[in-house]
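Source file: model-v3.cif (mmCIF, C-alpha atoms)
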data_target
loop_
_atom_site.group_PDB
_atom_site.id
_atom_site.type_symbol
_atom_site.label_atom_id
_atom_site.label_comp_id
_atom_site.auth_asym_id
_atom_site.auth_seq_id
_atom_site.Cartn_x
_atom_site.Cartn_y
_atom_site.Cartn_z
ATOM 1 C CA MET A 9 -11.419 -32.199 1.398
ATOM 2 C CA ASN A 10 -14.218 -31.369 3.806
ATOM 3 C CA LEU A 11 -12.549 -29.916 6.895
ATOM 4 C CA ASP A 12 -15.581 -30.628 9.077
ATOM 5 C CA ALA A 13 -15.192 -34.315 8.221
ATOM 6 C CA VAL A 14 -11.456 -34.149 8.954
ATOM 7 C CA ARG A 15 -12.149 -32.420 12.273
ATOM 8 C CA THR A 16 -14.696 -35.134 13.116
ATOM 9 C CA PHE A 17 -12.180 -37.856 12.251
ATOM 10 C CA VAL A 18 -9.629 -36.346 14.652
ATOM 11 C CA ALA A 19 -12.278 -36.029 17.380
ATOM 12 C CA VAL A 20 -13.238 -39.703 17.030
ATOM 13 C CA ALA A 21 -9.588 -40.776 16.911
ATOM 14 C CA ASP A 22 -8.875 -38.834 20.121
ATOM 15 C CA ALA A 23 -12.025 -39.954 21.962
ATOM 16 C CA GLY A 24 -12.082 -43.554 20.734
ATOM 17 C CA GLN A 25 -15.877 -43.398 20.579
ATOM 18 C CA PHE A 26 -18.393 -41.893 18.165
ATOM 19 C CA GLN A 27 -20.731 -40.876 20.983
ATOM 20 C CA GLU A 28 -18.066 -38.984 22.944
ATOM 21 C CA ALA A 29 -16.795 -37.300 19.773
ATOM 22 C CA ALA A 30 -20.356 -36.187 18.983
ATOM 23 C CA ALA A 31 -20.673 -34.649 22.441
ATOM 24 C CA ASN A 32 -17.327 -32.867 22.087
ATOM 25 C CA LEU A 33 -18.352 -31.459 18.699
ATOM 26 C CA SER A 34 -21.911 -30.599 19.814
ATOM 27 C CA ILE A 35 -23.451 -32.613 16.982
ATOM 28 C CA THR A 36 -25.425 -35.858 16.866
ATOM 29 C CA GLN A 37 -23.828 -39.295 16.741
ATOM 30 C CA GLN A 38 -25.613 -39.825 13.422
ATOM 31 C CA ALA A 39 -23.894 -36.716 12.014
ATOM 32 C CA VAL A 40 -20.525 -38.074 13.161
ATOM 33 C CA SER A 41 -21.202 -41.389 11.413
ATOM 34 C CA LYS A 42 -22.238 -39.629 8.180
ATOM 35 C CA ARG A 43 -19.116 -37.440 8.148
ATOM 36 C CA ILE A 44 -16.783 -40.381 8.767
ATOM 37 C CA SER A 45 -18.517 -42.451 6.080
ATOM 38 C CA ALA A 46 -18.223 -39.614 3.580
ATOM 39 C CA LEU A 47 -14.531 -39.148 4.387
ATOM 40 C CA GLU A 48 -13.857 -42.897 4.030
ATOM 41 C CA LYS A 49 -15.667 -42.882 0.693
ATOM 42 C CA GLU A 50 -13.633 -39.896 -0.523
ATOM 43 C CA LEU A 51 -10.334 -41.511 0.543
ATOM 44 C CA GLY A 52 -11.299 -44.994 -0.576
ATOM 45 C CA VAL A 53 -10.189 -46.644 2.679
ATOM 46 C CA ARG A 54 -11.595 -47.655 6.054
ATOM 47 C CA LEU A 55 -10.407 -45.346 8.830
ATOM 48 C CA PHE A 56 -12.004 -47.034 11.839
ATOM 49 C CA THR A 57 -12.925 -50.519 12.941
ATOM 50 C CA ARG A 58 -16.144 -50.475 14.971
ATOM 51 C CA THR A 59 -15.923 -52.700 18.058
ATOM 52 C CA ALA A 60 -17.891 -53.184 21.231
ATOM 53 C CA ARG A 61 -15.354 -51.017 23.029
ATOM 54 C CA GLY A 62 -15.682 -48.132 20.547
ATOM 55 C CA ALA A 63 -13.843 -47.069 17.404
ATOM 56 C CA GLN A 64 -10.286 -48.192 16.724
ATOM 57 C CA LEU A 65 -8.083 -46.712 14.006
ATOM 58 C CA THR A 66 -7.198 -48.993 11.129
ATOM 59 C CA ILE A 67 -3.651 -48.928 9.764
ATOM 60 C CA ASP A 68 -4.838 -46.421 7.139
ATOM 61 C CA GLY A 69 -6.468 -44.368 9.885
ATOM 62 C CA GLN A 70 -3.218 -44.316 11.859
ATOM 63 C CA VAL A 71 -1.335 -43.141 8.763
ATOM 64 C CA PHE A 72 -3.935 -40.467 8.006
ATOM 65 C CA ARG A 73 -4.188 -39.025 11.568
ATOM 66 C CA PRO A 74 -0.992 -36.842 11.580
ATOM 67 C CA HIS A 75 -1.879 -35.473 8.140
ATOM 68 C CA ALA A 76 -5.402 -34.693 9.347
ATOM 69 C CA ARG A 77 -3.970 -32.724 12.258
ATOM 70 C CA ASP A 78 -1.700 -30.842 9.827
ATOM 71 C CA LEU A 79 -4.736 -29.964 7.682
ATOM 72 C CA LEU A 80 -6.604 -28.526 10.660
ATOM 73 C CA GLN A 81 -3.577 -26.557 11.835
ATOM 74 C CA ALA A 82 -3.078 -25.164 8.322
ATOM 75 C CA ALA A 83 -6.732 -24.096 8.259
ATOM 76 C CA GLU A 84 -6.315 -22.338 11.609
ATOM 77 C CA ARG A 85 -3.188 -20.535 10.393
ATOM 78 C CA ALA A 86 -4.952 -19.501 7.184
ATOM 79 C CA ALA A 87 -7.892 -18.054 9.127
ATOM 80 C CA ALA A 88 -5.616 -16.307 11.612
ATOM 81 C CA SER A 89 -3.572 -14.739 8.816
ATOM 82 C CA VAL A 90 -6.501 -12.582 7.713
ATOM 83 C CA GLN A 91 -7.929 -11.734 11.104
ATOM 84 C CA PRO A 92 -7.801 -7.975 11.781
ATOM 85 C CA GLY A 93 -4.461 -7.180 13.336
ATOM 86 C CA SER A 94 -2.964 -10.590 12.549
ATOM 87 C CA ARG A 95 -1.693 -9.748 9.085
ATOM 88 C CA ALA A 96 0.494 -6.948 7.808
ATOM 89 C CA LEU A 97 -1.139 -3.641 6.913
ATOM 90 C CA ARG A 98 -0.857 -3.426 3.114
ATOM 91 C CA VAL A 99 -0.240 0.135 1.933
ATOM 92 C CA ASP A 100 0.391 1.551 -1.538
ATOM 93 C CA VAL A 101 2.827 4.412 -2.132
ATOM 94 C CA ILE A 102 3.422 6.255 -5.391
ATOM 95 C CA GLY A 103 7.169 5.579 -5.165
ATOM 96 C CA ARG A 104 9.613 4.245 -2.608
ATOM 97 C CA ARG A 105 11.815 7.360 -2.820
ATOM 98 C CA LEU A 106 8.937 9.790 -2.508
ATOM 99 C CA ALA A 107 7.319 11.535 0.463
ATOM 100 C CA PRO A 108 4.598 8.929 1.252
ATOM 101 C CA ALA A 109 7.294 6.303 1.790
ATOM 102 C CA ASP A 110 8.903 8.695 4.287
ATOM 103 C CA LEU A 111 5.566 9.017 6.073
ATOM 104 C CA LEU A 112 5.380 5.238 6.392
ATOM 105 C CA ARG A 113 8.973 4.994 7.618
ATOM 106 C CA ASP A 114 8.226 7.590 10.275
ATOM 107 C CA PHE A 115 5.074 5.682 11.278
ATOM 108 C CA HIS A 116 7.050 2.447 11.610
ATOM 109 C CA ARG A 117 9.682 4.137 13.779
ATOM 110 C CA VAL A 118 6.923 5.211 16.171
ATOM 111 C CA HIS A 119 5.036 1.889 15.927
ATOM 112 C CA PRO A 120 7.721 -0.758 15.267
ATOM 113 C CA GLU A 121 5.331 -3.527 16.341
ATOM 114 C CA THR A 122 3.112 -2.855 13.306
ATOM 115 C CA GLU A 123 3.974 -5.056 10.346
ATOM 116 C CA LEU A 124 3.760 -3.269 6.992
ATOM 117 C CA ASP A 125 3.509 -4.634 3.457
ATOM 118 C CA VAL A 126 4.412 -1.748 1.125
ATOM 119 C CA VAL A 127 3.447 -1.944 -2.552
ATOM 120 C CA THR A 128 3.655 0.457 -5.496
ATOM 121 C CA LEU A 129 0.681 0.622 -7.846
ATOM 122 C CA PHE A 130 0.546 2.703 -11.005
ATOM 123 C CA ASP A 131 -1.909 5.540 -10.466
ATOM 124 C CA ALA A 132 -4.755 6.770 -8.276
ATOM 125 C CA ASP A 133 -7.478 4.986 -10.254
ATOM 126 C CA THR A 134 -5.656 1.672 -9.851
ATOM 127 C CA ALA A 135 -5.059 2.350 -6.166
ATOM 128 C CA ILE A 136 -8.682 3.286 -5.440
ATOM 129 C CA ALA A 137 -9.885 0.142 -7.217
ATOM 130 C CA ALA A 138 -7.467 -1.936 -5.112
ATOM 131 C CA VAL A 139 -8.672 -0.302 -1.882
ATOM 132 C CA ARG A 140 -12.272 -0.900 -2.915
ATOM 133 C CA SER A 141 -11.648 -4.577 -3.699
ATOM 134 C CA GLY A 142 -9.684 -5.117 -0.486
ATOM 135 C CA THR A 143 -6.423 -5.941 -2.280
ATOM 136 C CA ILE A 144 -4.749 -3.195 -0.232
ATOM 137 C CA ASP A 145 -5.741 -1.485 3.005
ATOM 138 C CA ALA A 146 -4.762 2.068 2.112
ATOM 139 C CA SER A 147 -3.011 4.215 -0.468
ATOM 140 C CA PHE A 148 -1.166 7.532 -0.525
ATOM 141 C CA ARG A 149 -2.272 9.498 -3.592
ATOM 142 C CA ALA A 150 -3.325 12.891 -4.814
ATOM 143 C CA VAL A 151 -7.114 12.811 -5.142
ATOM 144 C CA THR A 152 -8.281 14.802 -8.157
ATOM 145 C CA VAL A 153 -12.030 14.627 -7.473
ATOM 146 C CA PRO A 154 -14.100 15.858 -4.508
ATOM 147 C CA THR A 155 -14.352 13.295 -1.714
ATOM 148 C CA ARG A 156 -18.102 13.013 -2.274
ATOM 149 C CA GLN A 157 -17.397 11.705 -5.791
ATOM 150 C CA LEU A 158 -15.258 8.799 -4.606
ATOM 151 C CA PRO A 159 -16.848 5.319 -4.829
ATOM 152 C CA ASP A 160 -19.214 4.381 -2.020
ATOM 153 C CA GLY A 161 -17.371 3.349 1.115
ATOM 154 C CA ILE A 162 -14.089 4.978 0.073
ATOM 155 C CA GLU A 163 -12.733 7.815 2.206
ATOM 156 C CA ALA A 164 -9.755 10.136 1.773
ATOM 157 C CA ALA A 165 -8.003 12.725 3.904
ATOM 158 C CA ARG A 166 -5.182 15.157 3.083
ATOM 159 C CA VAL A 167 -2.136 14.156 5.116
ATOM 160 C CA LEU A 168 0.778 16.037 3.547
ATOM 161 C CA ASP A 169 1.224 19.168 1.452
ATOM 162 C CA GLU A 170 4.703 18.685 0.028
ATOM 163 C CA PRO A 171 6.508 21.747 -1.375
ATOM 164 C CA VAL A 172 7.731 21.411 -4.957
ATOM 165 C CA GLN A 173 11.342 22.402 -5.654
ATOM 166 C CA LEU A 174 13.297 23.202 -8.807
ATOM 167 C CA LEU A 175 16.254 20.925 -9.595
ATOM 168 C CA THR A 176 18.981 22.290 -11.877
ATOM 169 C CA GLY A 177 22.524 21.594 -12.962
ATOM 170 C CA PRO A 178 25.429 23.939 -12.112
ATOM 171 C CA ALA A 179 25.305 25.758 -15.457
ATOM 172 C CA HIS A 180 21.625 26.662 -15.298
ATOM 173 C CA GLU A 181 20.579 30.302 -15.014
ATOM 174 C CA PHE A 182 19.003 29.697 -11.605
ATOM 175 C CA ALA A 183 21.753 27.450 -10.229
ATOM 176 C CA ALA A 184 22.995 30.100 -7.782
ATOM 177 C CA ALA A 185 19.540 31.229 -6.675
ATOM 178 C CA ARG A 186 18.321 30.377 -3.188
ATOM 179 C CA THR A 187 14.682 30.748 -4.216
ATOM 180 C CA VAL A 188 12.685 31.371 -7.366
ATOM 181 C CA THR A 189 9.074 32.336 -7.947
ATOM 182 C CA PRO A 190 6.750 30.484 -10.317
ATOM 183 C CA ALA A 191 6.535 33.668 -12.376
ATOM 184 C CA GLN A 192 10.328 33.620 -12.901
ATOM 185 C CA LEU A 193 10.098 30.117 -14.361
ATOM 186 C CA ALA A 194 7.802 31.177 -17.203
ATOM 187 C CA GLY A 195 9.632 30.715 -20.504
ATOM 188 C CA HIS A 196 12.162 28.250 -19.060
ATOM 189 C CA ARG A 197 12.197 24.588 -20.069
ATOM 190 C CA ILE A 198 11.143 22.185 -17.320
ATOM 191 C CA TRP A 199 11.673 18.586 -18.393
ATOM 192 C CA MET A 200 9.588 15.823 -16.784
ATOM 193 C CA PRO A 201 9.552 12.735 -19.045
ATOM 194 C CA GLY A 202 7.992 10.615 -16.277
ATOM 195 C CA ILE A 203 4.618 12.351 -16.566
ATOM 196 C CA VAL A 204 1.976 9.978 -17.946
ATOM 197 C CA ALA A 205 -1.240 11.443 -19.330
ATOM 198 C CA GLY A 206 -4.326 10.568 -17.311
ATOM 199 C CA THR A 207 -2.505 10.100 -13.999
ATOM 200 C CA GLU A 208 -3.023 12.199 -10.883
ATOM 201 C CA TRP A 209 0.503 13.631 -11.092
ATOM 202 C CA ALA A 210 -0.095 14.639 -14.722
ATOM 203 C CA ALA A 211 -3.268 16.438 -13.592
ATOM 204 C CA TYR A 212 -1.266 18.284 -10.923
ATOM 205 C CA TYR A 213 1.498 19.480 -13.243
ATOM 206 C CA ASP A 214 -0.970 20.382 -16.006
ATOM 207 C CA GLU A 215 -2.736 22.693 -13.539
ATOM 208 C CA LEU A 216 0.586 24.102 -12.310
ATOM 209 C CA ALA A 217 1.741 24.854 -15.857
ATOM 210 C CA ALA A 218 -1.567 26.498 -16.760
ATOM 211 C CA ALA A 219 -1.681 28.593 -13.583
ATOM 212 C CA PHE A 220 1.789 30.130 -14.077
ATOM 213 C CA ARG A 221 2.238 29.767 -17.849
ATOM 214 C CA LEU A 222 5.074 27.291 -17.452
ATOM 215 C CA THR A 223 6.572 25.106 -20.138
ATOM 216 C CA ILE A 224 6.673 21.535 -18.839
ATOM 217 C CA GLU A 225 8.023 19.149 -21.458
ATOM 218 C CA VAL A 226 7.267 15.421 -21.372
ATOM 219 C CA THR A 227 8.980 14.584 -24.664
ATOM 220 C CA GLY A 228 11.437 11.724 -24.984
ATOM 221 C CA PRO A 229 11.404 8.266 -23.408
ATOM 222 C CA ASP A 230 11.431 7.904 -19.637
ATOM 223 C CA PHE A 231 14.547 5.875 -18.839
ATOM 224 C CA GLY A 232 14.205 6.457 -15.105
ATOM 225 C CA THR A 233 15.687 8.714 -12.460
ATOM 226 C CA ASP A 234 19.416 8.313 -13.123
ATOM 227 C CA PRO A 235 19.315 9.311 -16.846
ATOM 228 C CA LEU A 236 17.072 12.249 -15.915
ATOM 229 C CA LEU A 237 19.589 13.482 -13.343
ATOM 230 C CA ASP A 238 22.455 12.975 -15.787
ATOM 231 C CA THR A 239 20.697 15.131 -18.378
ATOM 232 C CA ILE A 240 19.784 17.898 -15.909
ATOM 233 C CA ALA A 241 23.360 17.979 -14.573
ATOM 234 C CA ASP A 242 24.811 18.539 -18.059
ATOM 235 C CA SER A 243 22.235 21.083 -19.273
ATOM 236 C CA SER A 244 22.264 24.860 -19.002
ATOM 237 C CA VAL A 245 18.618 25.176 -20.102
ATOM 238 C CA LEU A 246 16.755 22.157 -18.705
ATOM 239 C CA ALA A 247 15.480 21.902 -15.129
ATOM 240 C CA THR A 248 12.920 19.638 -13.465
ATOM 241 C CA PHE A 249 10.524 19.692 -10.524
ATOM 242 C CA VAL A 250 10.981 17.416 -7.517
ATOM 243 C CA GLY A 251 9.209 17.054 -4.195
ATOM 244 C CA GLU A 252 10.978 18.517 -1.182
ATOM 245 C CA GLN A 253 11.066 15.077 0.471
ATOM 246 C CA THR A 254 12.034 13.098 -2.631
ATOM 247 C CA ARG A 255 15.198 11.095 -1.913
ATOM 248 C CA PHE A 256 17.805 11.391 -4.670
ATOM 249 C CA VAL A 257 21.405 10.248 -4.730
ATOM 250 C CA TRP A 258 23.720 11.475 -7.493
ATOM 251 C CA PRO A 259 27.473 11.589 -8.172
ATOM 252 C CA THR A 260 29.293 14.496 -6.511
ATOM 253 C CA ASP A 261 30.475 15.898 -9.837
ATOM 254 C CA HIS A 262 26.835 16.359 -10.947
ATOM 255 C CA ASP A 263 26.659 19.328 -8.536
ATOM 256 C CA LEU A 264 22.859 19.436 -8.794
ATOM 257 C CA ARG A 265 21.003 22.231 -6.997
ATOM 258 C CA ARG A 266 17.656 22.034 -5.164
ATOM 259 C CA ILE A 267 16.028 25.454 -5.260
ATOM 260 C CA ALA A 268 12.970 26.398 -3.196
ATOM 261 C CA VAL A 269 9.974 27.833 -5.044
ATOM 262 C CA HIS A 270 8.140 30.641 -3.203
ATOM 263 C CA ASP A 271 5.510 33.356 -3.656
ATOM 264 C CA PRO A 272 3.533 31.161 -3.884
ATOM 265 C CA THR A 273 4.965 27.737 -3.006
ATOM 266 C CA PRO A 274 3.401 24.979 -5.105
ATOM 267 C CA VAL A 275 2.586 22.030 -2.821
ATOM 268 C CA TYR A 276 1.666 18.531 -3.903
ATOM 269 C CA PRO A 277 -1.414 17.316 -1.968
ATOM 270 C CA HIS A 278 -0.853 13.763 -0.710
ATOM 271 C CA SER A 279 -3.964 12.063 0.681
ATOM 272 C CA LEU A 280 -4.536 8.773 2.460
ATOM 273 C CA ILE A 281 -7.294 6.660 0.884
ATOM 274 C CA TRP A 282 -9.019 3.787 2.719
ATOM 275 C CA ARG A 283 -12.275 1.840 2.997
ATOM 276 C CA SER A 284 -14.544 3.040 5.781
ATOM 277 C CA ASP A 285 -15.434 -0.530 6.780
ATOM 278 C CA ASN A 286 -11.850 -1.811 6.977
ATOM 279 C CA PRO A 287 -11.476 -3.240 10.525
ATOM 280 C CA HIS A 288 -7.674 -3.541 10.585
ATOM 281 C CA PRO A 289 -6.613 -1.868 13.873
ATOM 282 C CA ALA A 290 -3.295 -0.716 12.396
ATOM 283 C CA LEU A 291 -5.210 1.360 9.847
ATOM 284 C CA THR A 292 -6.758 3.396 12.655
ATOM 285 C CA THR A 293 -3.335 3.760 14.260
ATOM 286 C CA LEU A 294 -1.877 4.971 10.949
ATOM 287 C CA ARG A 295 -4.664 7.498 10.445
ATOM 288 C CA ASP A 296 -4.242 8.855 13.977
ATOM 289 C CA HIS A 297 -0.484 9.112 13.474
ATOM 290 C CA LEU A 298 -0.838 10.996 10.193
ATOM 291 C CA GLY A 299 -3.438 13.326 11.677
ATOM 292 C CA SER A 300 -0.922 14.419 14.299
ATOM 293 C CA LYS A 301 1.804 15.047 11.693
ATOM 294 C CA ARG A 302 -0.058 17.434 9.380
ATOM 295 C CA PRO A 303 2.545 20.047 8.315
ATOM 296 C CA ASP A 304 2.169 23.731 9.028
ATOM 297 C CA HIS A 305 3.486 26.084 6.358
ATOM 298 C CA GLY A 306 3.067 29.048 8.659
ATOM 299 C CA ASP A 307 2.369 32.286 6.854
ATOM 300 C CA ALA A 308 3.852 31.069 3.562
ATOM 301 C CA GLU A 309 1.537 31.431 0.604
ATOM 302 C CA THR A 310 0.940 28.092 -1.086
ATOM 303 C CA TRP A 311 -0.662 26.933 -4.314
ATOM 304 C CA THR A 312 -2.560 23.751 -5.050
ATOM 305 C CA PRO A 313 -4.862 22.879 -7.955
ATOM 306 C CA LYS A 314 -8.522 23.832 -7.609
ATOM 307 C CA TRP A 315 -9.509 20.167 -7.329
ATOM 308 C CA ALA A 316 -7.337 19.820 -4.219
#
Transcribe the structure of this file into structure tokens.
Amino acid sequence: MNLDAVRTFVAVADAGQFQEAAANLSITQQAVSKRISALEKELGVRLFTRTARGAQLTIDGQVFRPHARDLLQAAERAAASVQPGSRALRVDVIGRRLAPADLLRDFHRVHPETELDVVTLFDADTAIAAVRSGTIDASFRAVTVPTRQLPDGIEAARVLDEPVQLLTGPAHEFAAARTVTPAQLAGHRIWMPGIVAGTEWAAYYDELAAAFRLTIEVTGPDFGTDPLLDTIADSSVLATFVGEQTRFVWPTDHDLRRIAVHDPTPVYPHSLIWRSDNPHPALTTLRDHLGSKRPDHGDAETWTPKWA
């Protein structure tokens, strides 16, 4: 239904005259007549009776008027919902238990008035395509190509270098260690069935394994976090890598151990990705917030892939 015609109908119904409605709408009286005629033709009923005193609503016109107002109000709400700052900022995170979700939670604590819509897409390529199409406003991902090679209009900035830790069960050789070096892990089995070839996290761990001659196994089906933790807890030979800020909950009797990796410390490079022409004001607020939270590893030696 043509909303201009509906808006004209309401104007005539309120004014009681075509001429006054035309003046209120800043159009000609002829244009008002054409719009009303087209609307009556579409509905198959007469909406007004023309009299010497002006335009009077027919019974059908009286019935239609409240619905016409509802249509116009719905159109206004629809337009307002996508105005910059009127809708939630839609942000993709790699996982709701991982560090980027913590960054968003911290942002919301500081800016509770900002409405967030948090989604989880599959990988960086999917996320970048969604940012480019406008499906999402921003994404937290590791970016495996130089910024200049991103699609036109797409920008990215490193916002968090997250240390990688070793997770073992109580019977593992390193269970009592406070720290280990990457060199010490050579020859030990690190099991990460959640790695999917072609993803940004696969690229990261491939580089890490090659740099320090590590054995990272991806064999076996990925049944999720809980079965992984169960297996690590019961094994004396298997360990896995986790991010320092990854949130895990496990039964007390698992007695799992998080062990820091140093000399150097592998860090996972989380970046924020966004479109340069996105006008949402909350996106600017988020970027400013993240810029002020960039971590400082002090004098600790860190490692990241060459592409980072």
Name every residue that the PyMOL selection byres ((chain A and resi 108) around 12) selects in this structure, writing the answer as number ranges by chain with chains first and numbers rising.
A: 99-107, 109-115, 126-128, 146-150, 166-170, 251-255, 276-280, 298
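Across the structure, CA of Gly161 (chain A) and CA of Thr312 (chain A) are spaced 26.0 Å apart.
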For the PyMOL selection byres ((chain A and resi 269) around 9), applied here, can you spell out every residue it catches as a compact mmCIF listing (two decimals) with C-alpha atoms, keeping the file's coordinate frame?
# COMPACT_ATOMS: atom_id res chain seq x y z
CA PRO A 171 6.51 21.75 -1.38
CA VAL A 172 7.73 21.41 -4.96
CA GLN A 173 11.34 22.40 -5.65
CA LEU A 174 13.30 23.20 -8.81
CA ARG A 186 18.32 30.38 -3.19
CA THR A 187 14.68 30.75 -4.22
CA VAL A 188 12.68 31.37 -7.37
CA THR A 189 9.07 32.34 -7.95
CA PRO A 190 6.75 30.48 -10.32
CA ILE A 267 16.03 25.45 -5.26
CA ALA A 268 12.97 26.40 -3.20
CA HIS A 270 8.14 30.64 -3.20
CA ASP A 271 5.51 33.36 -3.66
CA PRO A 272 3.53 31.16 -3.88
CA THR A 273 4.96 27.74 -3.01
CA PRO A 274 3.40 24.98 -5.11
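Nearest residue to His262 (chain A) among A:Leu236, A:Ala82, A:Ile144, A:Val18 is A:Leu236, counting all atoms listed in the file.
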Show me the residues around (9.5, 31.2, -24.3) - criterion: an atom at most 12 Å away, only C-alpha atoms counted - as a PyMOL selection string.
chain A and resi 192-198+221-224+245
Counting only C-alpha atoms, which residue out of A:Arg265, A:Arg283, A:Arg61, A:Arg85 sits closest to Ile162 (chain A)?
A:Arg283
Apply the PyMOL selection byres ((chain A and resi 11) around 9) to the displayed file and report the matching residues as a PDB file with C-alpha atoms, in the coordinates of the input.
ATOM      1  CA  MET A   9     -11.419 -32.199   1.398  1.00  0.00           C
ATOM      2  CA  ASN A  10     -14.218 -31.369   3.806  1.00  0.00           C
ATOM      3  CA  ASP A  12     -15.581 -30.628   9.077  1.00  0.00           C
ATOM      4  CA  ALA A  13     -15.192 -34.315   8.221  1.00  0.00           C
ATOM      5  CA  VAL A  14     -11.456 -34.149   8.954  1.00  0.00           C
ATOM      6  CA  ARG A  15     -12.149 -32.420  12.273  1.00  0.00           C
ATOM      7  CA  THR A  16     -14.696 -35.134  13.116  1.00  0.00           C
ATOM      8  CA  ALA A  76      -5.402 -34.693   9.347  1.00  0.00           C
ATOM      9  CA  LEU A  79      -4.736 -29.964   7.682  1.00  0.00           C
ATOM     10  CA  LEU A  80      -6.604 -28.526  10.660  1.00  0.00           C
ATOM     11  CA  ALA A  83      -6.732 -24.096   8.259  1.00  0.00           C
TER      12      ALA A  83
END
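Nearest to Pro120 (chain A) of all the residues A:Ser141, A:Thr293, A:Thr227, A:Ser284 is A:Thr293, counting all atoms listed in the file.
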